[in-house]
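Beneath this line is the structure, given in structure tokens, with notes to follow.
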Amino acid sequence: MNIRSLTRGDGVVIGAAVLLFIASFLDIYSFDGVDDADIPSLWGSGPVVLGVVLAGIIGAALIVVARALPQPKKVAGLDLGQFGIAFTVFAAWCALGNIFDPLGGFDNDGSGLGDRIGAGTGLILALIATLVMAAAAVATPLVPALKGTLLPAPRPAGPQPYGAQPPGGYGYPGAQQAPYGGQPQPGQPGPAGQQPFPGGQPQQGQPAQQPAGDFSPFWFAVPVPRPLFPEDGSPTPIAELAPGTWYLAVEQRGQALVAQTQDGRRGVLQDTSGIQRG
């Protein structure tokens, strides 16, 4: 699980879930003219616990887990995030119903008890928490401000040579390779198992690979998940770059970058706006 893939919207959902948990220990009712009554908390009502407290907390947990997993998990054709959104909306709906009718059927018993009892502090805070939670869960995929990363990607300790692995496990985890655009040294194998040129120099008719212009490879992180397309121009992505992970840019093509993933795949990152350089 990668917690750095969480968005600001997920942070709002987590905060609302914490508020909901705190509200569950507060009064469920309020009595007019009574200050010292022993009033139960939200945990004293089964429908409120199941329909508001647990539904909201479970929904928030599903949203966060679905975002942190490297691959989405599906249940009955729906991923965990969609289930989580449904739970939060259901919790907000139940909290709204309990605010309007905290006593349920006792309002109609003819004793007039319902006129003296209203929603307590716990129910009011639970309604606020579930409404915020549901709104953030629904709006996160739609609002750019909520889609931003919750935790910034850590910066590498220092410049890393091409093919090296920076501290913390980010970047390409393979063996050491020659610097980008450099030539294999005599007696050393070249990239991808190629044999070195005799005498350490390329033979006549074999051009040496050099970076375009003055481009130098660098580490970068993306602010939101972005697709990585094949270098041959195919429209089908070969990978998705996730926030919180450092990738190596090995070439620049106009506004696009050729990036290398942790498992060694290379592709074109077409949207480079907002990337964080290491």
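Lettering and numbering for the structure tokens are positional, with chains as A, B, ... in the shown order, residues counted from 1 in each chain, and ligands counted from 1 in the shown order.
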
Using only C-alpha atoms, determine which residues lie at most 12 Å from segment 231-238 of chain A, disregarding the query and same-chain residues fewer than 3 positions distant; provide the list as a PDB file with N, CA, C and O atoms, in the first residue's frame.
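File written: out.pdb
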ATOM      1  N   ARG A 226      -0.782   9.507 -13.606  1.00  0.00           N
ATOM      2  CA  ARG A 226      -0.734   9.862 -15.021  1.00  0.00           C
ATOM      3  C   ARG A 226      -0.274   8.663 -15.843  1.00  0.00           C
ATOM      4  O   ARG A 226       0.612   7.915 -15.409  1.00  0.00           O
ATOM      5  N   PRO A 227      -0.848   8.495 -17.047  1.00  0.00           N
ATOM      6  CA  PRO A 227      -0.497   7.331 -17.874  1.00  0.00           C
ATOM      7  C   PRO A 227       0.847   7.507 -18.557  1.00  0.00           C
ATOM      8  O   PRO A 227       1.274   8.619 -18.861  1.00  0.00           O
ATOM      9  N   LEU A 228       1.501   6.375 -18.791  1.00  0.00           N
ATOM     10  CA  LEU A 228       2.765   6.334 -19.519  1.00  0.00           C
ATOM     11  C   LEU A 228       2.516   5.577 -20.821  1.00  0.00           C
ATOM     12  O   LEU A 228       2.102   4.414 -20.796  1.00  0.00           O
ATOM     13  N   LEU A 241       1.927   6.185 -13.763  1.00  0.00           N
ATOM     14  CA  LEU A 241       2.825   6.759 -12.771  1.00  0.00           C
ATOM     15  C   LEU A 241       2.004   7.232 -11.580  1.00  0.00           C
ATOM     16  O   LEU A 241       1.026   7.958 -11.731  1.00  0.00           O
ATOM     17  N   GLU A 251      14.902  11.175 -21.294  1.00  0.00           N
ATOM     18  CA  GLU A 251      14.936  11.872 -22.579  1.00  0.00           C
ATOM     19  C   GLU A 251      13.779  12.857 -22.620  1.00  0.00           C
ATOM     20  O   GLU A 251      12.737  12.630 -21.999  1.00  0.00           O
ATOM     21  N   GLN A 252      13.966  13.945 -23.343  1.00  0.00           N
ATOM     22  CA  GLN A 252      12.915  14.935 -23.522  1.00  0.00           C
ATOM     23  C   GLN A 252      12.534  15.008 -24.989  1.00  0.00           C
ATOM     24  O   GLN A 252      13.397  15.083 -25.863  1.00  0.00           O
ATOM     25  N   ARG A 253      11.225  14.969 -25.234  1.00  0.00           N
ATOM     26  CA  ARG A 253      10.702  15.063 -26.594  1.00  0.00           C
ATOM     27  C   ARG A 253       9.677  16.191 -26.635  1.00  0.00           C
ATOM     28  O   ARG A 253       8.496  15.989 -26.347  1.00  0.00           O
ATOM     29  N   ALA A 256       7.088  16.571 -23.784  1.00  0.00           N
ATOM     30  CA  ALA A 256       6.946  15.248 -23.167  1.00  0.00           C
ATOM     31  C   ALA A 256       8.293  14.743 -22.672  1.00  0.00           C
ATOM     32  O   ALA A 256       9.357  15.231 -23.072  1.00  0.00           O
ATOM     33  N   LEU A 257       8.240  13.746 -21.774  1.00  0.00           N
ATOM     34  CA  LEU A 257       9.439  13.120 -21.234  1.00  0.00           C
ATOM     35  C   LEU A 257       9.376  11.617 -21.464  1.00  0.00           C
ATOM     36  O   LEU A 257       8.303  11.011 -21.371  1.00  0.00           O
ATOM     37  N   VAL A 258      10.515  11.039 -21.749  1.00  0.00           N
ATOM     38  CA  VAL A 258      10.627   9.585 -21.758  1.00  0.00           C
ATOM     39  C   VAL A 258      11.049   9.169 -20.353  1.00  0.00           C
ATOM     40  O   VAL A 258      12.118   9.562 -19.885  1.00  0.00           O
ATOM     41  N   ALA A 259      10.196   8.410 -19.686  1.00  0.00           N
ATOM     42  CA  ALA A 259      10.418   8.047 -18.286  1.00  0.00           C
ATOM     43  C   ALA A 259      10.613   6.549 -18.146  1.00  0.00           C
ATOM     44  O   ALA A 259      10.125   5.758 -18.965  1.00  0.00           O
ATOM     45  N   GLN A 260      11.310   6.178 -17.100  1.00  0.00           N
ATOM     46  CA  GLN A 260      11.565   4.767 -16.804  1.00  0.00           C
ATOM     47  C   GLN A 260      10.924   4.431 -15.464  1.00  0.00           C
ATOM     48  O   GLN A 260      11.119   5.138 -14.477  1.00  0.00           O
ATOM     49  N   THR A 261      10.137   3.334 -15.431  1.00  0.00           N
ATOM     50  CA  THR A 261       9.458   2.916 -14.208  1.00  0.00           C
ATOM     51  C   THR A 261      10.380   2.057 -13.357  1.00  0.00           C
ATOM     52  O   THR A 261      11.490   1.712 -13.757  1.00  0.00           O
ATOM     53  N   ASP A 263      10.169  -1.042 -12.651  1.00  0.00           N
ATOM     54  CA  ASP A 263      10.445  -2.369 -13.200  1.00  0.00           C
ATOM     55  C   ASP A 263      11.178  -2.309 -14.539  1.00  0.00           C
ATOM     56  O   ASP A 263      11.294  -3.310 -15.236  1.00  0.00           O
ATOM     57  N   GLY A 264      11.689  -1.136 -14.908  1.00  0.00           N
ATOM     58  CA  GLY A 264      12.520  -1.020 -16.097  1.00  0.00           C
ATOM     59  C   GLY A 264      11.788  -0.670 -17.367  1.00  0.00           C
ATOM     60  O   GLY A 264      12.423  -0.518 -18.413  1.00  0.00           O
ATOM     61  N   ARG A 265      10.464  -0.546 -17.331  1.00  0.00           N
ATOM     62  CA  ARG A 265       9.734  -0.179 -18.548  1.00  0.00           C
ATOM     63  C   ARG A 265       9.934   1.307 -18.868  1.00  0.00           C
ATOM     64  O   ARG A 265       9.986   2.136 -17.968  1.00  0.00           O
ATOM     65  N   ARG A 266      10.006   1.604 -20.150  1.00  0.00           N
ATOM     66  CA  ARG A 266      10.168   2.977 -20.600  1.00  0.00           C
ATOM     67  C   ARG A 266       8.973   3.382 -21.436  1.00  0.00           C
ATOM     68  O   ARG A 266       8.433   2.584 -22.197  1.00  0.00           O
ATOM     69  N   GLY A 267       8.566   4.632 -21.284  1.00  0.00           N
ATOM     70  CA  GLY A 267       7.453   5.147 -22.054  1.00  0.00           C
ATOM     71  C   GLY A 267       7.461   6.657 -22.038  1.00  0.00           C
ATOM     72  O   GLY A 267       8.323   7.299 -21.424  1.00  0.00           O
ATOM     73  N   VAL A 268       6.474   7.233 -22.704  1.00  0.00           N
ATOM     74  CA  VAL A 268       6.388   8.684 -22.870  1.00  0.00           C
ATOM     75  C   VAL A 268       5.347   9.247 -21.924  1.00  0.00           C
ATOM     76  O   VAL A 268       4.184   8.821 -21.928  1.00  0.00           O
ATOM     77  N   LEU A 269       5.762  10.186 -21.085  1.00  0.00           N
ATOM     78  CA  LEU A 269       4.851  10.938 -20.228  1.00  0.00           C
ATOM     79  C   LEU A 269       4.469  12.211 -20.963  1.00  0.00           C
ATOM     80  O   LEU A 269       5.271  13.131 -21.101  1.00  0.00           O
ATOM     81  N   GLN A 270       3.227  12.241 -21.460  1.00  0.00           N
ATOM     82  CA  GLN A 270       2.809  13.371 -22.285  1.00  0.00           C
ATOM     83  C   GLN A 270       2.440  14.598 -21.461  1.00  0.00           C
ATOM     84  O   GLN A 270       2.667  15.727 -21.878  1.00  0.00           O
TER      85      GLN A 270
END

Shell of 9 Å around segment 138-143 of chain A, only C-alpha atoms, local chain residues under 4 positions omitted, as a PyMOL selection string: chain A and resi 7-10+85+89+133-134+147

Output of the above residues as an mmCIF file, in the first residue's frame, restricted to all heavy atoms:
data_model
loop_
_atom_site.group_PDB
_atom_site.id
_atom_site.type_symbol
_atom_site.label_atom_id
_atom_site.label_comp_id
_atom_site.auth_asym_id
_atom_site.auth_seq_id
_atom_site.Cartn_x
_atom_site.Cartn_y
_atom_site.Cartn_z
ATOM 1 N N THR A 7 -5.142 11.474 -1.783
ATOM 2 C CA THR A 7 -5.387 12.836 -2.257
ATOM 3 C C THR A 7 -5.870 13.725 -1.123
ATOM 4 O O THR A 7 -6.142 13.259 -0.012
ATOM 5 C CB THR A 7 -6.436 12.822 -3.376
ATOM 6 O OG1 THR A 7 -7.689 12.369 -2.828
ATOM 7 C CG2 THR A 7 -6.031 11.878 -4.498
ATOM 8 N N ARG A 8 -5.982 15.013 -1.421
ATOM 9 C CA ARG A 8 -6.521 15.941 -0.422
ATOM 10 C C ARG A 8 -7.969 15.590 -0.079
ATOM 11 O O ARG A 8 -8.401 15.749 1.062
ATOM 12 C CB ARG A 8 -6.442 17.378 -0.948
ATOM 13 C CG ARG A 8 -5.019 17.871 -1.200
ATOM 14 C CD ARG A 8 -5.024 19.363 -1.489
ATOM 15 N NE ARG A 8 -3.693 19.820 -1.887
ATOM 16 C CZ ARG A 8 -3.318 20.077 -3.115
ATOM 17 N NH1 ARG A 8 -4.191 19.910 -4.098
ATOM 18 N NH2 ARG A 8 -2.106 20.500 -3.396
ATOM 19 N N GLY A 9 -8.720 15.144 -1.075
ATOM 20 C CA GLY A 9 -10.090 14.711 -0.796
ATOM 21 C C GLY A 9 -10.126 13.545 0.169
ATOM 22 O O GLY A 9 -11.004 13.476 1.046
ATOM 23 N N ASP A 10 -9.176 12.614 0.041
ATOM 24 C CA ASP A 10 -9.095 11.512 0.994
ATOM 25 C C ASP A 10 -8.781 12.027 2.389
ATOM 26 O O ASP A 10 -9.265 11.487 3.390
ATOM 27 C CB ASP A 10 -8.023 10.514 0.553
ATOM 28 C CG ASP A 10 -8.338 9.893 -0.782
ATOM 29 O OD1 ASP A 10 -9.533 9.710 -1.091
ATOM 30 O OD2 ASP A 10 -7.393 9.593 -1.539
ATOM 31 N N ILE A 85 -17.910 5.154 -1.337
ATOM 32 C CA ILE A 85 -18.732 6.341 -1.598
ATOM 33 C C ILE A 85 -20.194 6.056 -1.291
ATOM 34 O O ILE A 85 -20.902 6.881 -0.690
ATOM 35 C CB ILE A 85 -18.551 6.788 -3.059
ATOM 36 C CG1 ILE A 85 -17.116 7.270 -3.299
ATOM 37 C CG2 ILE A 85 -19.545 7.887 -3.420
ATOM 38 C CD1 ILE A 85 -16.817 7.612 -4.745
ATOM 39 N N VAL A 89 -22.582 8.093 1.510
ATOM 40 C CA VAL A 89 -23.856 8.734 1.156
ATOM 41 C C VAL A 89 -24.989 8.145 1.982
ATOM 42 O O VAL A 89 -25.878 8.868 2.464
ATOM 43 C CB VAL A 89 -24.124 8.584 -0.355
ATOM 44 C CG1 VAL A 89 -25.512 9.096 -0.708
ATOM 45 C CG2 VAL A 89 -23.067 9.320 -1.166
ATOM 46 N N MET A 133 -18.121 14.121 4.688
ATOM 47 C CA MET A 133 -17.503 12.901 4.180
ATOM 48 C C MET A 133 -18.072 12.523 2.812
ATOM 49 O O MET A 133 -17.327 12.230 1.869
ATOM 50 C CB MET A 133 -17.722 11.758 5.184
ATOM 51 C CG MET A 133 -17.002 10.478 4.842
ATOM 52 S SD MET A 133 -17.499 9.141 5.966
ATOM 53 C CE MET A 133 -17.176 9.897 7.555
ATOM 54 N N ALA A 134 -19.389 12.517 2.701
ATOM 55 C CA ALA A 134 -20.019 12.146 1.439
ATOM 56 C C ALA A 134 -19.690 13.157 0.344
ATOM 57 O O ALA A 134 -19.420 12.775 -0.811
ATOM 58 C CB ALA A 134 -21.527 12.027 1.623
ATOM 59 N N LYS A 147 -8.003 16.556 -5.960
ATOM 60 C CA LYS A 147 -7.261 15.445 -6.543
ATOM 61 C C LYS A 147 -5.759 15.550 -6.303
ATOM 62 O O LYS A 147 -5.016 14.617 -6.604
ATOM 63 C CB LYS A 147 -7.528 15.352 -8.056
ATOM 64 C CG LYS A 147 -8.942 14.909 -8.388
ATOM 65 C CD LYS A 147 -9.074 14.494 -9.836
ATOM 66 C CE LYS A 147 -8.839 15.625 -10.794
ATOM 67 N NZ LYS A 147 -9.096 15.209 -12.205
#

Top pick for closest residue to Ala23 of chain A, considering A:Leu69, A:Leu125, A:Leu6, A:Leu54 and counting only C-alpha atoms: A:Leu125

Residue nearest Phe87 of chain A - candidates A:Val65, A:Val75, A:Ala221, A:Ile58, atoms counted: only C-alpha atoms: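 Among the listed residues, the smallest separation from Phe87 of chain A belongs to A:Ile58.
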
Atomic separation - atom CA of Ile124 of chain A relative to atom CA of Phe100 of chain A, Å: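 We find that atom CA of Phe100 of chain A and atom CA of Ile124 of chain A lie 10.5 Å from each other.
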
Within 9 Å of Pro102 of chain A using only C-alpha atoms, minus same-chain residues under 4 positions, as a ChimeraX atom specification: /A:28-29,97-98,107,114,117-120,123

Could those selected residues go to a file with C-alpha atoms, as a PDB file, in the first residue's frame?
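Final file, again.pdb:
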ATOM      1  CA  ILE A  28     -27.979  11.371  21.096  1.00  0.00           C
ATOM      2  CA  TYR A  29     -30.911  13.389  22.550  1.00  0.00           C
ATOM      3  CA  GLY A  97     -33.381  11.181   9.027  1.00  0.00           C
ATOM      4  CA  ASN A  98     -32.363  10.901  12.683  1.00  0.00           C
ATOM      5  CA  ASP A 107     -43.258  10.841  18.397  1.00  0.00           C
ATOM      6  CA  GLY A 114     -41.532  14.173  21.242  1.00  0.00           C
ATOM      7  CA  ILE A 117     -36.860  15.811  23.080  1.00  0.00           C
ATOM      8  CA  GLY A 118     -34.732  16.787  20.115  1.00  0.00           C
ATOM      9  CA  ALA A 119     -31.502  15.817  18.467  1.00  0.00           C
ATOM     10  CA  GLY A 120     -28.486  15.913  20.744  1.00  0.00           C
ATOM     11  CA  LEU A 123     -26.484  13.525  16.239  1.00  0.00           C
TER      12      LEU A 123
END

Long-range neighbours of Thr130 of chain A as a count of residues only, 7 Å cut-off, only C-alpha atoms, 3 positions minimum in chain: 9

Best match for closeness to Phe220 of chain A among A:Phe21, A:Phe31, A:Tyr247, A:Trp93, counting only C-alpha atoms: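 Under the stated criterion, the closest residue is A:Tyr247.
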
Expected answer as JSON, numbers by chain: strand (DSSP E or B) residues in segment 19-53 of chain A: {"A": [27, 29, 30, 31, 41]}

Between atom CA of Gly254 of chain A and atom CA of Gly148 of chain A - distance in Å to one decimal: 25.2 Å

Of the listed residues A:Val48, A:Ala17, A:Ile57, A:Leu96, that which approaches Val132 of chain A most closely, counting only C-alpha atoms: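 Selected residue with least distance to Val132 of chain A: A:Ala17.
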
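In this structure, atom CA of Leu62 of chain A sits 8.5 Å away from atom CA of Gln82 of chain A.
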
Option closest in space to Val18 of chain A, from A:Leu42, A:Val52, A:Ala239, A:Ala129 [counting only C-alpha atoms]: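 Counting only C-alpha atoms, the residue closest to Val18 of chain A is A:Ala129.
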
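Considering the residues A:Ile99, A:Ile22, A:Ala55, A:Leu80 and counting only C-alpha atoms, Ala68 of chain A has its shortest atom-to-atom contact with A:Leu80.
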
Selection near Gly81 of chain A, 10 Å with only C-alpha atoms, sequence-local residues under 4 positions removed, as a ChimeraX atom specification: /A:59-67,72-74,85-87,137
